[in-house]
Number of protein chains: 2
Amino acid sequence: MNDLDVNLLRGTLDLLILKALSWGPRHGYGVAEWIEQATGTTLLIGEGTLYPALHRLERQRAIESEWGVSENNRRAKYYRLSREGRARLQSGTTSWQRFVEAAARALGAGVPQPA
Amino acid sequence: MNDLDVNLLRGTLDLLILKALSWGPRHGYGVAEWIEQATGTTLLIGEGTLYPALHRLERQRAIESEWGVSENNRRAKYYRLSREGRARLQSGTTSWQRFVEAAARALGAGVPQPA
DNA sequence: CCGCTCCCCTTGTGTCACGAGGGAAGACGT
DNA sequence: ACGTCTTCCCTCGTGACACAAGGGGAGCGG
C-alpha cells in the first residue's frame with residue numbers, strides 16, 4: 001500500500017533517535033522499539049537503518065556510547081544524549097515543525113474538483 | 001540558521017509539485033514559484049532539484065508536458081496532471097499525513113527537564 | 001548591443017534508507 | 001548436552017535523490 005512512505009524518514013530519523021534517548025540511556029535495540037511504540041507501530045526501523053544512524057550521530061558527537069548489560073542479561077551498547085545532542089534535538093525539532101507546517105499548508109489548501 | 005532542513009524535502013517534493021499542478025497546467029518555473037509562495041517562502045526549490053523531479057514524474061506518467069508560450073512570451077514547457085498523478089497526489093498526501101502525525105506524536109511528547 | 005530576467009537543461013557529488021547478509025551469547029526446552 | 005529462539009551487535013552494496021555548479025537560448029529595456 002504505502003510504498004511511498006520511503007524517503008520520508010530522511011531528516012526525521014535522527015530526531016526520533018535523539019528523542020528516544022532524551023529520557024535516559026538506551027541500547028540500540030531499545031531505541032528501535034521505542035520508536036515503533038511511540039509512533040503506534042507506524043514507523044518500523046530496520047537494523048540496517050538504525051545502527052548506521054547511531055554511528056553517524058556518535059561520530060557527530062550528538063550521542064555517546066558505553067558497553068553494558070541489558071535487562072535481558074545481554075551485552076548491549078548504551079547510548080546517551082550529549083549536550084550537543086540535546087541542543088540539536090531542540091533546534092532540529094523546531095525546524096522540522098516549521099517545515100511540516102509549511103508543507104501542510106501548501107498541501108492542505110482546497111482541492112479543485114476532479115474534472 | 002536552518003541548515004538542517006536539508007533532506008526533509010525527500011518524499012514531499014513530488015507531492016508539492018503535483019499539488020501545484022492540481023489547479024491547472026503550469027510551466028516548471030511557475031511550479032517553483034507556486035511552491036515558494038504557497039509555503040510562505042519557507043521552501044525554496046532550486047532548478048537542479050526541480051527539473052529532474054519533473055522529468056521523473058513525467059517518466060512515471062504522473063504528469064504530462066507540452067510546449068507552449070508563457071505569459072511573458074517565453075518558450076515554456078507546460079505540465080499537466082494525469083489521472084494517475086491525481087490519484088497519486090491523493091494517496092500520497094494521505095500517507096504523508098499519517099507519517100507526519102506519527103512522527104509528531106513521538107517528537108512532541110513531554111520533554112524531560114535538562115539536567 | 002548589453003545586461004537582465006525568464007525559462008530550459010545536465011552532470012557530479014554526497015547522503016542515506018534499506019535489504020541482505022553475518023555473528024555471538026544468554027535462555028529454554030528436551 | 002544440544003538444538004533453537006531471542007536479543008543484540010555489525011557491515012556492505014544498491015538505488016534514490018536533493019543540491020550546487022555548470023551551460024544555453026531568447027525576449028526585453030536601456
# chains A, B, ... in the order shown; residues from 1 in each chain; ligands from 1
call {"tool": "interface_residues", "arguments": {"of": "chain B", "to": "chain D", "cutoff": "8 Å", "atoms": "only C-alpha atoms (C1' of nucleotides)", "output": "list in words"}}
result
Val6, Asn7, Leu9, Arg10, Gly46, Gly48, Thr49, Asn73 and Arg74 of chain B
call {"tool": "interface_residues", "arguments": {"of": "chain C", "to": "chain B", "cutoff": "12 Å", "atoms": "only C-alpha atoms (C1' of nucleotides)", "output": "list in words"}}
result
DT5, DC6, DC7, DC8, DC9, DT10, DT11, DG12, DG14, DT15, DC16 and DA17 of chain C
call {"tool": "interface_residues", "arguments": {"of": "chain A", "to": "chain B", "cutoff": "9 Å", "atoms": "only C-alpha atoms", "output": "PyMOL selection string"}}
result
chain A and resi 2+4-12+15-16+19-20+22-23+35+37-43+86+91-93+95-108+111-112+114
call {"tool": "write_last_selection", "arguments": {"atoms": "N, CA and C atoms", "output": "short mmCIF file (atom, residue, chain, number, x, y, z; two decimals), in the first residue's frame"}}
result
data_model
loop_
_atom_site.label_atom_id
_atom_site.label_comp_id
_atom_site.auth_asym_id
_atom_site.auth_seq_id
_atom_site.Cartn_x
_atom_site.Cartn_y
_atom_site.Cartn_z
N ASN A 2 1.45 1.49 1.11
CA ASN A 2 2.21 2.72 1.28
C ASN A 2 3.67 2.53 0.94
N LEU A 4 5.09 4.55 -0.70
CA LEU A 4 5.54 5.92 -0.92
C LEU A 4 6.14 6.52 0.33
N ASP A 5 5.94 5.87 1.45
CA ASP A 5 6.48 6.37 2.70
C ASP A 5 7.99 6.48 2.62
N VAL A 6 8.56 5.66 1.76
CA VAL A 6 10.00 5.66 1.61
C VAL A 6 10.51 7.09 1.45
N ASN A 7 11.67 7.34 1.99
CA ASN A 7 12.33 8.63 1.85
C ASN A 7 11.85 9.66 2.87
N LEU A 8 10.64 9.47 3.34
CA LEU A 8 10.12 10.47 4.27
C LEU A 8 10.95 10.51 5.54
N LEU A 9 11.53 9.37 5.87
CA LEU A 9 12.29 9.26 7.10
C LEU A 9 13.49 10.19 7.12
N ARG A 10 13.94 10.54 5.92
CA ARG A 10 15.12 11.39 5.81
C ARG A 10 14.96 12.68 6.59
N GLY A 11 15.86 12.90 7.49
CA GLY A 11 15.80 14.14 8.25
C GLY A 11 14.93 14.03 9.48
N THR A 12 14.24 12.90 9.61
CA THR A 12 13.38 12.71 10.77
C THR A 12 13.94 11.64 11.69
N LEU A 15 16.16 12.79 14.51
CA LEU A 15 15.40 13.42 15.59
C LEU A 15 14.72 12.38 16.46
N LEU A 16 14.18 11.36 15.83
CA LEU A 16 13.48 10.32 16.59
C LEU A 16 14.45 9.60 17.51
N LYS A 19 15.32 11.85 20.36
CA LYS A 19 14.17 11.92 21.26
C LYS A 19 14.07 10.67 22.12
N ALA A 20 14.34 9.53 21.50
CA ALA A 20 14.28 8.27 22.24
C ALA A 20 15.25 8.27 23.40
N SER A 22 16.22 10.96 24.97
CA SER A 22 16.08 12.16 25.79
C SER A 22 15.58 11.84 27.19
N TRP A 23 15.12 10.62 27.40
CA TRP A 23 14.67 10.25 28.75
C TRP A 23 15.71 9.45 29.50
N ILE A 35 10.83 3.78 19.16
CA ILE A 35 10.28 4.49 18.00
C ILE A 35 9.03 3.78 17.49
N GLN A 37 7.01 1.93 19.08
CA GLN A 37 5.90 2.04 20.01
C GLN A 37 5.39 3.48 20.09
N ALA A 38 6.30 4.42 20.07
CA ALA A 38 5.91 5.83 20.19
C ALA A 38 5.15 6.33 18.97
N THR A 39 5.32 5.66 17.86
CA THR A 39 4.61 6.07 16.66
C THR A 39 3.43 5.15 16.37
N GLY A 40 3.08 4.34 17.35
CA GLY A 40 1.95 3.44 17.16
C GLY A 40 2.21 2.44 16.06
N THR A 41 3.44 1.95 16.02
CA THR A 41 3.88 0.96 15.02
C THR A 41 3.73 1.46 13.59
N THR A 42 3.66 2.76 13.44
CA THR A 42 3.60 3.32 12.08
C THR A 42 4.99 3.32 11.46
N LEU A 43 5.99 3.61 12.27
CA LEU A 43 7.37 3.64 11.78
C LEU A 43 8.14 2.45 12.31
N ARG A 86 21.37 17.24 22.73
CA ARG A 86 20.14 17.82 23.26
C ARG A 86 19.80 19.13 22.55
N SER A 91 16.63 22.32 18.39
CA SER A 91 16.60 23.16 17.19
C SER A 91 16.08 22.34 16.01
N GLY A 92 16.47 21.08 15.97
CA GLY A 92 16.01 20.24 14.87
C GLY A 92 14.51 20.06 14.88
N THR A 93 13.96 19.86 16.07
CA THR A 93 12.52 19.68 16.17
C THR A 93 11.79 20.94 15.73
N SER A 95 12.82 23.26 13.56
CA SER A 95 12.82 23.47 12.11
C SER A 95 12.03 22.36 11.42
N TRP A 96 11.98 21.20 12.03
CA TRP A 96 11.14 20.13 11.48
C TRP A 96 9.68 20.58 11.49
N GLN A 97 9.28 21.17 12.58
CA GLN A 97 7.90 21.62 12.66
C GLN A 97 7.61 22.73 11.68
N ARG A 98 8.59 23.63 11.51
CA ARG A 98 8.40 24.70 10.53
C ARG A 98 8.21 24.12 9.14
N PHE A 99 9.06 23.16 8.82
CA PHE A 99 8.96 22.54 7.51
C PHE A 99 7.60 21.88 7.33
N VAL A 100 7.21 21.10 8.30
CA VAL A 100 5.96 20.35 8.20
C VAL A 100 4.77 21.29 8.08
N GLU A 101 4.80 22.35 8.85
CA GLU A 101 3.69 23.30 8.78
C GLU A 101 3.59 23.93 7.41
N ALA A 102 4.74 24.33 6.89
CA ALA A 102 4.75 24.97 5.58
C ALA A 102 4.23 24.01 4.52
N ALA A 103 4.72 22.79 4.55
CA ALA A 103 4.30 21.81 3.55
C ALA A 103 2.82 21.48 3.72
N ALA A 104 2.40 21.35 4.96
CA ALA A 104 1.00 21.01 5.21
C ALA A 104 0.09 22.12 4.70
N ARG A 105 0.53 23.35 4.87
CA ARG A 105 -0.27 24.47 4.39
C ARG A 105 -0.41 24.39 2.87
N ALA A 106 0.69 24.14 2.20
CA ALA A 106 0.66 24.06 0.74
C ALA A 106 -0.17 22.87 0.28
N LEU A 107 0.00 21.75 0.95
CA LEU A 107 -0.71 20.55 0.51
C LEU A 107 -2.17 20.56 0.92
N GLY A 108 -2.46 21.30 1.94
CA GLY A 108 -3.80 21.24 2.51
C GLY A 108 -4.82 22.14 1.86
N VAL A 111 -8.79 21.36 -2.53
CA VAL A 111 -8.55 20.57 -3.72
C VAL A 111 -9.62 20.89 -4.77
N PRO A 112 -9.21 21.24 -5.95
CA PRO A 112 -10.15 21.55 -7.01
C PRO A 112 -10.91 20.29 -7.42
N PRO A 114 -12.27 17.28 -9.31
CA PRO A 114 -11.68 16.48 -10.38
C PRO A 114 -12.61 16.43 -11.59
#
call {"tool": "select_by_dssp", "arguments": {"residues": "stretch 9-113 of chain A", "states": "alpha helix (DSSP H)", "output": "ChimeraX atom specification"}}
result
/A:13-21,28-38,47-59,83-108
call {"tool": "select_by_dssp", "arguments": {"residues": "stretch 2-110 of chain A", "states": "strand (DSSP E or B)", "output": "PyMOL selection string"}}
result
chain A and resi 26-27+63-69+75-81
call {"tool": "write_last_selection", "arguments": {"atoms": "C-alpha atoms", "output": "PDB file, in the first residue's frame"}}
result
ATOM      1  CA  ARG A  26      19.097   3.156  25.894  1.00  0.00           C
ATOM      2  CA  HIS A  27      20.695   0.495  23.750  1.00  0.00           C
ATOM      3  CA  ILE A  63      25.394  10.906  21.379  1.00  0.00           C
ATOM      4  CA  GLU A  64      27.897   8.880  23.348  1.00  0.00           C
ATOM      5  CA  SER A  65      28.077   5.144  23.883  1.00  0.00           C
ATOM      6  CA  GLU A  66      29.130   2.766  26.586  1.00  0.00           C
ATOM      7  CA  TRP A  67      29.012  -1.008  26.762  1.00  0.00           C
ATOM      8  CA  GLY A  68      26.789  -2.528  29.362  1.00  0.00           C
ATOM      9  CA  VAL A  69      24.402  -5.325  30.098  1.00  0.00           C
ATOM     10  CA  ARG A  75      25.831  -7.477  26.029  1.00  0.00           C
ATOM     11  CA  ALA A  76      24.479  -4.151  24.822  1.00  0.00           C
ATOM     12  CA  LYS A  77      25.794  -0.756  23.840  1.00  0.00           C
ATOM     13  CA  TYR A  78      24.070   2.021  25.689  1.00  0.00           C
ATOM     14  CA  TYR A  79      23.722   5.416  24.059  1.00  0.00           C
ATOM     15  CA  ARG A  80      23.304   8.659  25.893  1.00  0.00           C
ATOM     16  CA  LEU A  81      22.495  12.156  24.700  1.00  0.00           C
TER      17      LEU A  81
END
call {"tool": "atom_distance", "arguments": {"atom1": "atom CA of B:Leu57", "atom2": "atom CA of B:Gly85"}}
result
8.4 Å
